[in-house]
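> Structure: final_15.pdb, PDB, C-alpha atoms, pLDDT in the B column.
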MODEL        1
ATOM      1  CA  MET A  14       0.000   0.000   0.000  1.00 66.00           C
ATOM      2  CA  ASN A  15       1.154   3.539  -0.735  1.00 86.00           C
ATOM      3  CA  THR A  16       2.366   5.713   2.088  1.00 94.00           C
ATOM      4  CA  LYS A  17       1.052   9.268   2.111  1.00 98.00           C
ATOM      5  CA  ALA A  18       1.436  12.302   4.332  1.00 98.00           C
ATOM      6  CA  PHE A  19      -1.789  13.096   6.196  1.00 98.00           C
ATOM      7  CA  ILE A  20      -1.579  16.638   7.555  1.00 98.00           C
ATOM      8  CA  PHE A  21      -4.156  17.946  10.012  1.00 98.00           C
ATOM      9  CA  ASP A  22      -4.924  21.471  11.098  1.00 97.00           C
ATOM     10  CA  LEU A  23      -5.695  21.672  14.834  1.00 95.00           C
ATOM     11  CA  ASP A  24      -8.351  24.239  15.750  1.00 90.00           C
ATOM     12  CA  GLY A  25     -11.730  23.214  14.357  1.00 90.00           C
ATOM     13  CA  VAL A  26     -10.351  20.009  12.838  1.00 96.00           C
ATOM     14  CA  ILE A  27      -9.027  17.859  15.702  1.00 96.00           C
ATOM     15  CA  VAL A  28     -10.278  19.900  18.638  1.00 95.00           C
ATOM     16  CA  ASP A  29     -12.806  22.677  18.987  1.00 86.00           C
ATOM     17  CA  THR A  30     -10.621  25.362  20.529  1.00 84.00           C
ATOM     18  CA  ALA A  31     -12.179  27.986  18.240  1.00 78.00           C
ATOM     19  CA  LYS A  32     -14.703  28.776  20.999  1.00 86.00           C
ATOM     20  CA  TYR A  33     -11.843  29.576  23.402  1.00 91.00           C
ATOM     21  CA  HIS A  34     -10.157  31.847  20.859  1.00 89.00           C
ATOM     22  CA  TYR A  35     -13.488  33.614  20.438  1.00 93.00           C
ATOM     23  CA  LEU A  36     -13.936  34.148  24.185  1.00 95.00           C
ATOM     24  CA  ALA A  37     -10.339  35.346  24.567  1.00 96.00           C
ATOM     25  CA  TRP A  38     -10.631  37.832  21.684  1.00 96.00           C
ATOM     26  CA  GLN A  39     -14.046  38.967  22.873  1.00 96.00           C
ATOM     27  CA  LYS A  40     -12.552  39.856  26.257  1.00 96.00           C
ATOM     28  CA  ILE A  41      -9.981  42.105  24.549  1.00 97.00           C
ATOM     29  CA  ALA A  42     -12.612  43.625  22.237  1.00 97.00           C
ATOM     30  CA  ASN A  43     -14.910  44.385  25.198  1.00 96.00           C
ATOM     31  CA  GLN A  44     -12.053  46.188  26.976  1.00 95.00           C
ATOM     32  CA  LEU A  45     -11.655  48.363  23.882  1.00 96.00           C
ATOM     33  CA  GLY A  46     -15.383  48.996  23.482  1.00 96.00           C
ATOM     34  CA  ILE A  47     -15.565  47.001  20.222  1.00 96.00           C
ATOM     35  CA  GLU A  48     -18.522  44.746  19.433  1.00 95.00           C
ATOM     36  CA  PHE A  49     -17.121  41.353  18.443  1.00 96.00           C
ATOM     37  CA  THR A  50     -19.613  38.704  17.288  1.00 94.00           C
ATOM     38  CA  HIS A  51     -19.433  35.051  16.190  1.00 91.00           C
ATOM     39  CA  GLU A  52     -19.636  36.295  12.597  1.00 90.00           C
ATOM     40  CA  HIS A  53     -16.586  38.498  13.111  1.00 93.00           C
ATOM     41  CA  ASN A  54     -14.788  35.534  14.670  1.00 91.00           C
ATOM     42  CA  GLU A  55     -15.348  33.445  11.510  1.00 84.00           C
ATOM     43  CA  GLY A  56     -13.070  35.904   9.710  1.00 85.00           C
ATOM     44  CA  LEU A  57     -10.222  35.063  12.096  1.00 87.00           C
ATOM     45  CA  LYS A  58     -10.138  31.335  11.282  1.00 78.00           C
ATOM     46  CA  GLY A  59      -6.661  30.275  10.192  1.00 71.00           C
ATOM     47  CA  VAL A  60      -5.380  33.833  10.676  1.00 80.00           C
ATOM     48  CA  SER A  61      -2.316  34.645  12.818  1.00 81.00           C
ATOM     49  CA  ARG A  62      -2.698  36.245  16.243  1.00 88.00           C
ATOM     50  CA  VAL A  63      -1.064  39.488  15.083  1.00 92.00           C
ATOM     51  CA  ARG A  64      -3.331  39.831  12.038  1.00 91.00           C
ATOM     52  CA  SER A  65      -6.392  38.880  14.126  1.00 94.00           C
ATOM     53  CA  LEU A  66      -5.741  41.779  16.490  1.00 96.00           C
ATOM     54  CA  ASP A  67      -5.366  44.159  13.539  1.00 96.00           C
ATOM     55  CA  ILE A  68      -8.735  42.994  12.162  1.00 95.00           C
ATOM     56  CA  ILE A  69     -10.411  43.606  15.543  1.00 97.00           C
ATOM     57  CA  LEU A  70      -8.834  47.070  15.849  1.00 97.00           C
ATOM     58  CA  GLU A  71     -10.045  47.876  12.318  1.00 96.00           C
ATOM     59  CA  LEU A  72     -13.597  46.939  13.420  1.00 95.00           C
ATOM     60  CA  GLY A  73     -13.395  49.637  16.084  1.00 95.00           C
ATOM     61  CA  ASN A  74     -11.425  52.127  13.956  1.00 96.00           C
ATOM     62  CA  ILE A  75      -8.732  52.092  16.638  1.00 96.00           C
ATOM     63  CA  GLU A  76      -5.147  53.170  15.973  1.00 95.00           C
ATOM     64  CA  ALA A  77      -2.709  51.701  18.491  1.00 95.00           C
ATOM     65  CA  SER A  78       1.001  51.768  19.276  1.00 96.00           C
ATOM     66  CA  GLN A  79       3.048  48.585  18.900  1.00 97.00           C
ATOM     67  CA  GLU A  80       3.491  48.618  22.685  1.00 97.00           C
ATOM     68  CA  ASP A  81      -0.291  48.506  23.222  1.00 97.00           C
ATOM     69  CA  LYS A  82      -0.678  45.825  20.547  1.00 97.00           C
ATOM     70  CA  ASN A  83       1.962  43.644  22.215  1.00 97.00           C
ATOM     71  CA  LYS A  84       0.208  44.050  25.572  1.00 97.00           C
ATOM     72  CA  TRP A  85      -3.168  42.999  24.099  1.00 97.00           C
ATOM     73  CA  LEU A  86      -1.597  40.054  22.227  1.00 97.00           C
ATOM     74  CA  PHE A  87      -0.063  38.831  25.479  1.00 96.00           C
ATOM     75  CA  GLU A  88      -3.369  39.284  27.339  1.00 97.00           C
ATOM     76  CA  LYS A  89      -5.279  37.433  24.625  1.00 96.00           C
ATOM     77  CA  ASN A  90      -2.940  34.455  24.871  1.00 92.00           C
ATOM     78  CA  GLU A  91      -3.135  34.414  28.679  1.00 95.00           C
ATOM     79  CA  ASN A  92      -6.957  34.475  28.439  1.00 94.00           C
ATOM     80  CA  TYR A  93      -6.868  31.636  25.911  1.00 91.00           C
ATOM     81  CA  LEU A  94      -4.466  29.503  27.969  1.00 90.00           C
ATOM     82  CA  SER A  95      -6.662  29.917  31.044  1.00 93.00           C
ATOM     83  CA  TYR A  96      -9.495  28.204  29.115  1.00 90.00           C
ATOM     84  CA  LEU A  97      -7.214  25.305  28.126  1.00 89.00           C
ATOM     85  CA  VAL A  98      -6.312  24.340  31.695  1.00 88.00           C
ATOM     86  CA  ASP A  99      -9.233  21.915  32.053  1.00 88.00           C
ATOM     87  CA  MET A 100      -9.001  20.534  28.531  1.00 91.00           C
ATOM     88  CA  ASP A 101      -9.092  16.726  28.066  1.00 93.00           C
ATOM     89  CA  GLU A 102      -9.917  14.067  25.454  1.00 94.00           C
ATOM     90  CA  SER A 103     -13.609  15.068  25.566  1.00 93.00           C
ATOM     91  CA  GLU A 104     -12.602  18.118  23.476  1.00 92.00           C
ATOM     92  CA  ILE A 105     -11.631  15.949  20.470  1.00 96.00           C
ATOM     93  CA  LEU A 106     -14.173  16.462  17.698  1.00 96.00           C
ATOM     94  CA  PRO A 107     -16.467  13.550  16.730  1.00 97.00           C
ATOM     95  CA  GLY A 108     -15.040  11.011  14.277  1.00 98.00           C
ATOM     96  CA  VAL A 109     -11.423  12.182  14.544  1.00 98.00           C
ATOM     97  CA  MET A 110     -10.068   9.324  16.687  1.00 98.00           C
ATOM     98  CA  PRO A 111     -11.284   6.467  14.431  1.00 97.00           C
ATOM     99  CA  ILE A 112      -9.542   8.132  11.446  1.00 98.00           C
ATOM    100  CA  LEU A 113      -6.286   8.719  13.353  1.00 98.00           C
ATOM    101  CA  LYS A 114      -6.334   5.107  14.611  1.00 97.00           C
ATOM    102  CA  TYR A 115      -7.041   3.744  11.127  1.00 97.00           C
ATOM    103  CA  LEU A 116      -4.183   5.766   9.599  1.00 97.00           C
ATOM    104  CA  LYS A 117      -1.826   4.423  12.282  1.00 97.00           C
ATOM    105  CA  GLU A 118      -2.986   0.832  11.615  1.00 96.00           C
ATOM    106  CA  GLN A 119      -2.212   1.394   7.926  1.00 96.00           C
ATOM    107  CA  ASN A 120       1.274   2.714   8.825  1.00 96.00           C
ATOM    108  CA  GLN A 121       0.491   6.080   7.267  1.00 98.00           C
ATOM    109  CA  LEU A 122       2.440   9.229   8.163  1.00 98.00           C
ATOM    110  CA  ILE A 123       0.607  11.874  10.203  1.00 98.00           C
ATOM    111  CA  ALA A 124       1.576  15.486  10.836  1.00 98.00           C
ATOM    112  CA  LEU A 125       0.043  18.532  12.432  1.00 98.00           C
ATOM    113  CA  GLY A 126       0.128  21.790  10.450  1.00 97.00           C
ATOM    114  CA  SER A 127      -1.297  24.546  12.605  1.00 94.00           C
ATOM    115  CA  ALA A 128      -0.943  28.294  13.145  1.00 87.00           C
ATOM    116  CA  SER A 129      -1.434  27.700  16.872  1.00 86.00           C
ATOM    117  CA  LYS A 130       1.563  28.321  19.108  1.00 86.00           C
ATOM    118  CA  ASN A 131      -0.075  26.138  21.768  1.00 88.00           C
ATOM    119  CA  ALA A 132      -0.410  23.004  19.633  1.00 93.00           C
ATOM    120  CA  ARG A 133       1.795  20.676  21.710  1.00 93.00           C
ATOM    121  CA  PRO A 134       0.104  21.313  25.077  1.00 91.00           C
ATOM    122  CA  ILE A 135      -3.305  20.855  23.428  1.00 94.00           C
ATOM    123  CA  LEU A 136      -2.259  17.513  21.891  1.00 96.00           C
ATOM    124  CA  GLU A 137      -0.820  16.419  25.242  1.00 95.00           C
ATOM    125  CA  LYS A 138      -3.967  17.338  27.168  1.00 94.00           C
ATOM    126  CA  THR A 139      -6.202  15.509  24.679  1.00 95.00           C
ATOM    127  CA  GLY A 140      -3.952  12.423  24.601  1.00 96.00           C
ATOM    128  CA  THR A 141      -3.351  12.638  20.840  1.00 97.00           C
ATOM    129  CA  LEU A 142       0.338  13.639  20.763  1.00 97.00           C
ATOM    130  CA  ASN A 143       1.580  10.085  20.070  1.00 97.00           C
ATOM    131  CA  TYR A 144      -0.405   9.867  16.833  1.00 98.00           C
ATOM    132  CA  PHE A 145       1.729  12.540  15.162  1.00 98.00           C
ATOM    133  CA  ASP A 146       5.037  11.791  13.427  1.00 98.00           C
ATOM    134  CA  ALA A 147       5.719  15.525  12.979  1.00 98.00           C
ATOM    135  CA  ILE A 148       4.354  18.738  14.457  1.00 98.00           C
ATOM    136  CA  VAL A 149       4.616  22.094  12.710  1.00 97.00           C
ATOM    137  CA  ASP A 150       3.004  24.971  14.572  1.00 94.00           C
ATOM    138  CA  GLY A 151       3.062  28.752  14.807  1.00 89.00           C
ATOM    139  CA  ASN A 152       6.527  28.622  16.386  1.00 90.00           C
ATOM    140  CA  ASP A 153       8.017  27.009  13.266  1.00 93.00           C
ATOM    141  CA  VAL A 154       6.728  29.214  10.459  1.00 92.00           C
ATOM    142  CA  SER A 155       7.137  32.833   9.391  1.00 90.00           C
ATOM    143  CA  ASN A 156       4.302  32.979   6.827  1.00 92.00           C
ATOM    144  CA  ALA A 157       0.638  32.582   7.722  1.00 86.00           C
ATOM    145  CA  LYS A 158      -1.879  30.618   5.634  1.00 91.00           C
ATOM    146  CA  PRO A 159      -2.828  30.916   2.738  1.00 93.00           C
ATOM    147  CA  ASP A 160       0.951  30.699   2.334  1.00 95.00           C
ATOM    148  CA  PRO A 161       1.576  26.917   2.174  1.00 97.00           C
ATOM    149  CA  GLU A 162       4.755  27.078   4.308  1.00 97.00           C
ATOM    150  CA  VAL A 163       3.303  25.201   7.315  1.00 97.00           C
ATOM    151  CA  PHE A 164       2.137  22.279   5.142  1.00 98.00           C
ATOM    152  CA  LEU A 165       5.270  22.175   2.977  1.00 98.00           C
ATOM    153  CA  ILE A 166       7.444  21.926   6.112  1.00 98.00           C
ATOM    154  CA  ALA A 167       5.190  19.153   7.474  1.00 98.00           C
ATOM    155  CA  ALA A 168       5.417  17.158   4.220  1.00 98.00           C
ATOM    156  CA  LYS A 169       9.185  17.592   4.159  1.00 98.00           C
ATOM    157  CA  LEU A 170       9.508  16.361   7.768  1.00 98.00           C
ATOM    158  CA  LEU A 171       7.509  13.271   6.784  1.00 98.00           C
ATOM    159  CA  GLY A 172       9.715  12.791   3.707  1.00 98.00           C
ATOM    160  CA  LYS A 173       6.816  13.173   1.286  1.00 98.00           C
ATOM    161  CA  LYS A 174       6.231  15.295  -1.814  1.00 98.00           C
ATOM    162  CA  PRO A 175       3.312  17.758  -1.883  1.00 98.00           C
ATOM    163  CA  GLU A 176       1.440  15.613  -4.425  1.00 97.00           C
ATOM    164  CA  ASP A 177       1.525  12.723  -1.914  1.00 97.00           C
ATOM    165  CA  SER A 178       0.132  14.901   0.890  1.00 98.00           C
ATOM    166  CA  ILE A 179      -3.473  15.226   2.070  1.00 98.00           C
ATOM    167  CA  VAL A 180      -4.493  18.223   4.182  1.00 98.00           C
ATOM    168  CA  PHE A 181      -7.550  18.369   6.472  1.00 98.00           C
ATOM    169  CA  GLU A 182      -8.631  21.980   7.070  1.00 97.00           C
ATOM    170  CA  ASP A 183     -11.642  23.938   8.325  1.00 94.00           C
ATOM    171  CA  SER A 184     -10.617  27.412   7.138  1.00 91.00           C
ATOM    172  CA  VAL A 185     -10.667  29.041   3.709  1.00 92.00           C
ATOM    173  CA  ALA A 186      -7.050  30.210   4.184  1.00 92.00           C
ATOM    174  CA  GLY A 187      -6.017  26.653   5.076  1.00 95.00           C
ATOM    175  CA  ILE A 188      -7.700  25.131   2.023  1.00 97.00           C
ATOM    176  CA  GLN A 189      -6.065  27.763  -0.183  1.00 97.00           C
ATOM    177  CA  ALA A 190      -2.672  27.000   1.404  1.00 97.00           C
ATOM    178  CA  ALA A 191      -3.067  23.284   0.652  1.00 98.00           C
ATOM    179  CA  ASN A 192      -4.115  24.001  -2.942  1.00 98.00           C
ATOM    180  CA  ILE A 193      -1.279  26.485  -3.521  1.00 98.00           C
ATOM    181  CA  GLY A 194       1.142  23.915  -2.093  1.00 98.00           C
ATOM    182  CA  GLY A 195      -0.018  21.317  -4.638  1.00 98.00           C
ATOM    183  CA  MET A 196      -1.629  19.062  -2.023  1.00 98.00           C
ATOM    184  CA  THR A 197      -5.001  17.315  -1.856  1.00 98.00           C
ATOM    185  CA  SER A 198      -7.324  19.521   0.216  1.00 98.00           C
ATOM    186  CA  VAL A 199     -10.090  18.071   2.381  1.00 98.00           C
ATOM    187  CA  GLY A 200     -12.458  20.640   3.856  1.00 98.00           C
ATOM    188  CA  ILE A 201     -14.076  19.970   7.218  1.00 97.00           C
ATOM    189  CA  GLY A 202     -17.151  22.162   7.600  1.00 95.00           C
ATOM    190  CA  GLU A 203     -19.660  23.919   5.397  1.00 93.00           C
ATOM    191  CA  ALA A 204     -19.494  23.374   1.625  1.00 96.00           C
ATOM    192  CA  SER A 205     -20.654  26.957   1.018  1.00 94.00           C
ATOM    193  CA  THR A 206     -17.533  28.261   2.791  1.00 92.00           C
ATOM    194  CA  LEU A 207     -14.987  25.613   1.799  1.00 96.00           C
ATOM    195  CA  HIS A 208     -15.975  25.178  -1.859  1.00 97.00           C
ATOM    196  CA  GLU A 209     -12.323  25.507  -3.000  1.00 98.00           C
ATOM    197  CA  ALA A 210     -11.471  22.165  -1.345  1.00 98.00           C
ATOM    198  CA  LYS A 211     -11.153  19.058  -3.513  1.00 98.00           C
ATOM    199  CA  TYR A 212     -13.291  17.089  -1.032  1.00 98.00           C
ATOM    200  CA  ILE A 213     -15.660  18.452   1.614  1.00 98.00           C
ATOM    201  CA  PHE A 214     -17.185  16.721   4.653  1.00 98.00           C
ATOM    202  CA  LYS A 215     -19.367  18.282   7.335  1.00 97.00           C
ATOM    203  CA  ASP A 216     -17.230  16.559   9.974  1.00 97.00           C
ATOM    204  CA  PHE A 217     -15.103  13.438  10.456  1.00 98.00           C
ATOM    205  CA  THR A 218     -18.118  11.226  11.205  1.00 97.00           C
ATOM    206  CA  HIS A 219     -18.870  11.482   7.452  1.00 97.00           C
ATOM    207  CA  ILE A 220     -15.414  10.175   6.472  1.00 97.00           C
ATOM    208  CA  ASP A 221     -15.095   6.401   6.208  1.00 94.00           C
ATOM    209  CA  LYS A 222     -12.242   3.981   5.599  1.00 94.00           C
ATOM    210  CA  ARG A 223     -13.142   3.657   1.916  1.00 96.00           C
ATOM    211  CA  PHE A 224     -12.446   7.350   1.395  1.00 97.00           C
ATOM    212  CA  ILE A 225      -8.986   6.921   2.971  1.00 96.00           C
ATOM    213  CA  GLU A 226      -8.357   3.781   0.880  1.00 95.00           C
ATOM    214  CA  ASN A 227      -9.221   5.691  -2.310  1.00 95.00           C
ATOM    215  CA  LEU A 228      -6.795   8.465  -1.338  1.00 95.00           C
ATOM    216  CA  LEU A 229      -4.070   5.866  -0.874  1.00 94.00           C
ATOM    217  CA  LYS A 230      -4.712   4.341  -4.318  1.00 89.00           C
ATOM    218  CA  ASN A 231      -4.432   7.656  -6.163  1.00 81.00           C
TER
ENDMDL
END
What does this structure look like when you write it as structure tokens?

Amino acid sequence: MNTKAFIFDLDGVIVDTAKYHYLAWQKIANQLGIEFTHEHNEGLKGVSRVRSLDIILELGNIEASQEDKNKWLFEKNENYLSYLVDMDESEILPGVMPILKYLKEQNQLIALGSASKNARPILEKTGTLNYFDAIVDGNDVSNAKPDPEVFLIAAKLLGKKPEDSIVFEDSVAGIQAANIGGMTSVGIGEASTLHEAKYIFKDFTHIDKRFIENLLKN
């Protein structure tokens, strides 16, 4: 059987930490008198922390010094980390574990490709760290998605070419990054949002072993 590189985003794909990012950003926005809704938060998916803050400041037409920005970025991360303290395997999204286990049984290569700088502690807390042969997170890259850097590094660490790599993503920027990198993109979420993906599933409960087998044949 062929060996491929299976690369997973973290937030919204393996675990639902998006809600914690939302709460952490909302806290900062409230301090600044900016209304920050779930709809606004959708626009931050797959976007770096620095750019996310800029988007929020733009919502409130606020000009800020770099010193203030750094302070708010630090506060946001502290808020976020405080929500992660009680995290455990119950945070893993439905259907993810059967796919990870099946890939391991088939001796496939698995990597994480995430913008999160807290990826390792999240994987540790959810008991999924051992499933990953390589981890590339926000500490390892200089270019944010849709730049394919995070996925290209992951494929390289697994010793695979882009054309032998499959990326699971829930954000538009992530799907674009996979496509630009010459990889097979699998969208997890709404088809209306992720229509640029080669394959789209509402969540991992809709992905079966036959789909994985077909990917391995191609």
> Translate the PyMOL selection byres ((chain A and resi 112) around 10), as applied to the file shown, into an explicit residue set as a tab-separated table (two decimals) with C-alpha atoms, in the coordinates of the input.

chain	number	residue	atom	x	y	z
A	108	GLY	CA	-15.04	11.01	14.28
A	109	VAL	CA	-11.42	12.18	14.54
A	110	MET	CA	-10.07	9.32	16.69
A	111	PRO	CA	-11.28	6.47	14.43
A	113	LEU	CA	-6.29	8.72	13.35
A	114	LYS	CA	-6.33	5.11	14.61
A	115	TYR	CA	-7.04	3.74	11.13
A	116	LEU	CA	-4.18	5.77	9.60
A	117	LYS	CA	-1.83	4.42	12.28
A	118	GLU	CA	-2.99	0.83	11.62
A	217	PHE	CA	-15.10	13.44	10.46
A	218	THR	CA	-18.12	11.23	11.20
A	220	ILE	CA	-15.41	10.18	6.47
A	221	ASP	CA	-15.10	6.40	6.21
A	222	LYS	CA	-12.24	3.98	5.60
A	225	ILE	CA	-8.99	6.92	2.97
> Env of Glu48 of chain A: 10 Å cut, atoms = all atoms listed in the file, seq-sep filter 2 positions within chain, self excluded. Answer as a PyMOL selection string.
chain A and resi 39+42-43+45-46+50+53+69+72-73
> Would you export the selected residues with C-alpha atoms as a PDB file, in the coordinates of the input, please?

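Okay, selection.pdb is ready:
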ATOM      1  CA  GLN A  39     -14.046  38.967  22.873  1.00 96.00           C
ATOM      2  CA  ALA A  42     -12.612  43.625  22.237  1.00 97.00           C
ATOM      3  CA  ASN A  43     -14.910  44.385  25.198  1.00 96.00           C
ATOM      4  CA  LEU A  45     -11.655  48.363  23.882  1.00 96.00           C
ATOM      5  CA  GLY A  46     -15.383  48.996  23.482  1.00 96.00           C
ATOM      6  CA  THR A  50     -19.613  38.704  17.288  1.00 94.00           C
ATOM      7  CA  HIS A  53     -16.586  38.498  13.111  1.00 93.00           C
ATOM      8  CA  ILE A  69     -10.411  43.606  15.543  1.00 97.00           C
ATOM      9  CA  LEU A  72     -13.597  46.939  13.420  1.00 95.00           C
ATOM     10  CA  GLY A  73     -13.395  49.637  16.084  1.00 95.00           C
TER      11      GLY A  73
END
> I need the residue set behind the PyMOL selection byres ((chain A and resi 173) around 12) for this file; please write it as a PyMOL selection string.
chain A and resi 15-20+121-124+147+164-172+174-179+196
> Using only C-alpha atoms, pick whichever of A:Ala37, A:Ile105, A:Val199, A:Leu94 has the shortest atom-to-atom distance to Lys130 of chain A.
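Going through A:Ala37, A:Ile105, A:Val199, A:Leu94 one by one, the smallest distance to Lys130 of chain A is for A:Leu94.
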> Tell me which residues the PyMOL selection byres ((chain A and resi 135) around 10) grabs here, as a list in words.
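With the shown file as input, the PyMOL selection byres ((chain A and resi 135) around 10) matches Leu23, Asp24, Val28, Thr30, Leu94, Leu97, Val98, Met100, Asp101, Glu102, Glu104, Ser129, Lys130, Asn131, Ala132, Arg133, Pro134, Leu136, Glu137, Lys138, Thr139, Gly140, Thr141 and Leu142 of chain A.
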> Using only C-alpha atoms, pick whichever of A:Asn83, A:Val180, A:Glu52, A:Tyr96 has the shortest atom-to-atom distance to Asp67 of chain A.
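So, comparing all the options, the nearest one is A:Asn83.
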> Rank nothing, just name the residue among A:Ile148, A:Ile188, A:Leu36, A:Leu229 nearest to Ser95 of chain A, using all atoms listed in the file.
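Closest candidate: A:Leu36.
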> What is the atom CA of Gly25 of chain A to atom CA of Glu162 of chain A distance in Å?
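Result for atom CA of Gly25 of chain A versus atom CA of Glu162 of chain A: 19.7 Å, one decimal.
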> Which one of A:Gly195, A:Asn74, A:Asn231, A:Gln189 sits closest to Pro159 of chain A if you count all atoms listed in the file?
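Of the candidates, the smallest distance to Pro159 of chain A is held by A:Gln189.
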> Given the choices A:Tyr144, A:His208, A:His34, A:Ile213, which gets closest to Gly59 of chain A if the distance is worked out from only C-alpha atoms?
A:His34
> What is the atom CA of Arg62 of chain A-atom CA of Ile75 of chain A distance in Å, reported with one decimal?
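These atoms are spaced 17.0 Å apart.
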> Quick one, how far is atom CA of Lys158 of chain A from atom CA of Ala77 of chain A?
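Taking atom CA of Lys158 of chain A as the start and atom CA of Ala77 of chain A as the end point, the length is 24.7 Å.
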> Taking (-6.2, 36.5, 26.8) in the file's coordinates, which residues come within 9 Å, counting all atoms listed in the file, written as an NGL selection string?
:A and (34 or 36-38 or 40-41 or 85-95)
> I need the residue nearest Leu57 of chain A from this list: A:Glu80, A:Gly126, A:Lys230, A:Ala186. Use all atoms listed in the file for the distance.
A:Ala186
> Show me, as lines of an AutoDock Vina configuration file, the centre and edge lengths in Å to one decimal of the axis-aligned box that covers every listed atom of segment 83-96 of chain A with 5 Å on each side.

center_x = -3.8
center_y = 36.1
center_z = 26.6
size_x = 21.5
size_y = 25.8
size_z = 18.8
> Tell me which protein, DNA and RNA residues are within 7 Å of Gly200 of chain A, counting all atoms listed in the file, leaving out same-chain ones fewer than 3 positions away, and put them as a PDB file with C-alpha atoms, in the frame of the given file.

ATOM      1  CA  PHE A 181      -7.550  18.369   6.472  1.00 98.00           C
ATOM      2  CA  GLU A 182      -8.631  21.980   7.070  1.00 97.00           C
ATOM      3  CA  ASP A 183     -11.642  23.938   8.325  1.00 94.00           C
ATOM      4  CA  ILE A 188      -7.700  25.131   2.023  1.00 97.00           C
ATOM      5  CA  LEU A 207     -14.987  25.613   1.799  1.00 96.00           C
ATOM      6  CA  ALA A 210     -11.471  22.165  -1.345  1.00 98.00           C
ATOM      7  CA  TYR A 212     -13.291  17.089  -1.032  1.00 98.00           C
ATOM      8  CA  ILE A 213     -15.660  18.452   1.614  1.00 98.00           C
ATOM      9  CA  PHE A 214     -17.185  16.721   4.653  1.00 98.00           C
TER      10      PHE A 214
END
> What would segment 94-105 of chain A look like with N, CA, C and O atoms restored, written as a JSON list (two decimals), in the coordinates of the input?

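To be explicit, this is the file written out as rebuild35.json:
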[["chain", "number", "residue", "atom", "x", "y", "z"],
["A", 94, "LEU", "N", -5.09, 30.59, 27.22],
["A", 94, "LEU", "CA", -4.47, 29.50, 27.97],
["A", 94, "LEU", "C", -5.25, 29.16, 29.23],
["A", 94, "LEU", "O", -5.31, 28.00, 29.63],
["A", 95, "SER", "N", -5.88, 30.18, 29.83],
["A", 95, "SER", "CA", -6.66, 29.92, 31.04],
["A", 95, "SER", "C", -7.85, 29.00, 30.74],
["A", 95, "SER", "O", -8.27, 28.21, 31.59],
["A", 96, "TYR", "N", -8.38, 29.08, 29.51],
["A", 96, "TYR", "CA", -9.49, 28.20, 29.12],
["A", 96, "TYR", "C", -9.02, 26.78, 28.83],
["A", 96, "TYR", "O", -9.80, 25.83, 28.90],
["A", 97, "LEU", "N", -7.74, 26.63, 28.49],
["A", 97, "LEU", "CA", -7.21, 25.30, 28.13],
["A", 97, "LEU", "C", -6.86, 24.43, 29.33],
["A", 97, "LEU", "O", -6.66, 23.23, 29.19],
["A", 98, "VAL", "N", -6.78, 25.04, 30.50],
["A", 98, "VAL", "CA", -6.31, 24.34, 31.70],
["A", 98, "VAL", "C", -7.09, 23.04, 31.92],
["A", 98, "VAL", "O", -6.50, 22.00, 32.24],
["A", 99, "ASP", "N", -8.40, 23.09, 31.77],
["A", 99, "ASP", "CA", -9.23, 21.92, 32.05],
["A", 99, "ASP", "C", -9.50, 21.04, 30.83],
["A", 99, "ASP", "O", -10.37, 20.17, 30.87],
["A", 100, "MET", "N", -8.77, 21.27, 29.77],
["A", 100, "MET", "CA", -9.00, 20.53, 28.53],
["A", 100, "MET", "C", -8.63, 19.05, 28.68],
["A", 100, "MET", "O", -7.64, 18.71, 29.32],
["A", 101, "ASP", "N", -9.43, 18.16, 28.07],
["A", 101, "ASP", "CA", -9.09, 16.73, 28.07],
["A", 101, "ASP", "C", -9.59, 16.09, 26.76],
["A", 101, "ASP", "O", -10.00, 16.80, 25.85],
["A", 102, "GLU", "N", -9.57, 14.74, 26.72],
["A", 102, "GLU", "CA", -9.92, 14.07, 25.45],
["A", 102, "GLU", "C", -11.36, 14.30, 25.02],
["A", 102, "GLU", "O", -11.70, 14.09, 23.85],
["A", 103, "SER", "N", -12.21, 14.79, 25.94],
["A", 103, "SER", "CA", -13.61, 15.07, 25.57],
["A", 103, "SER", "C", -13.71, 16.22, 24.56],
["A", 103, "SER", "O", -14.74, 16.41, 23.93],
["A", 104, "GLU", "N", -12.61, 16.99, 24.42],
["A", 104, "GLU", "CA", -12.60, 18.12, 23.48],
["A", 104, "GLU", "C", -12.32, 17.69, 22.03],
["A", 104, "GLU", "O", -12.43, 18.49, 21.11],
["A", 105, "ILE", "N", -11.91, 16.42, 21.83],
["A", 105, "ILE", "CA", -11.63, 15.95, 20.47],
["A", 105, "ILE", "C", -12.95, 15.89, 19.70],
["A", 105, "ILE", "O", -13.96, 15.38, 20.20]]
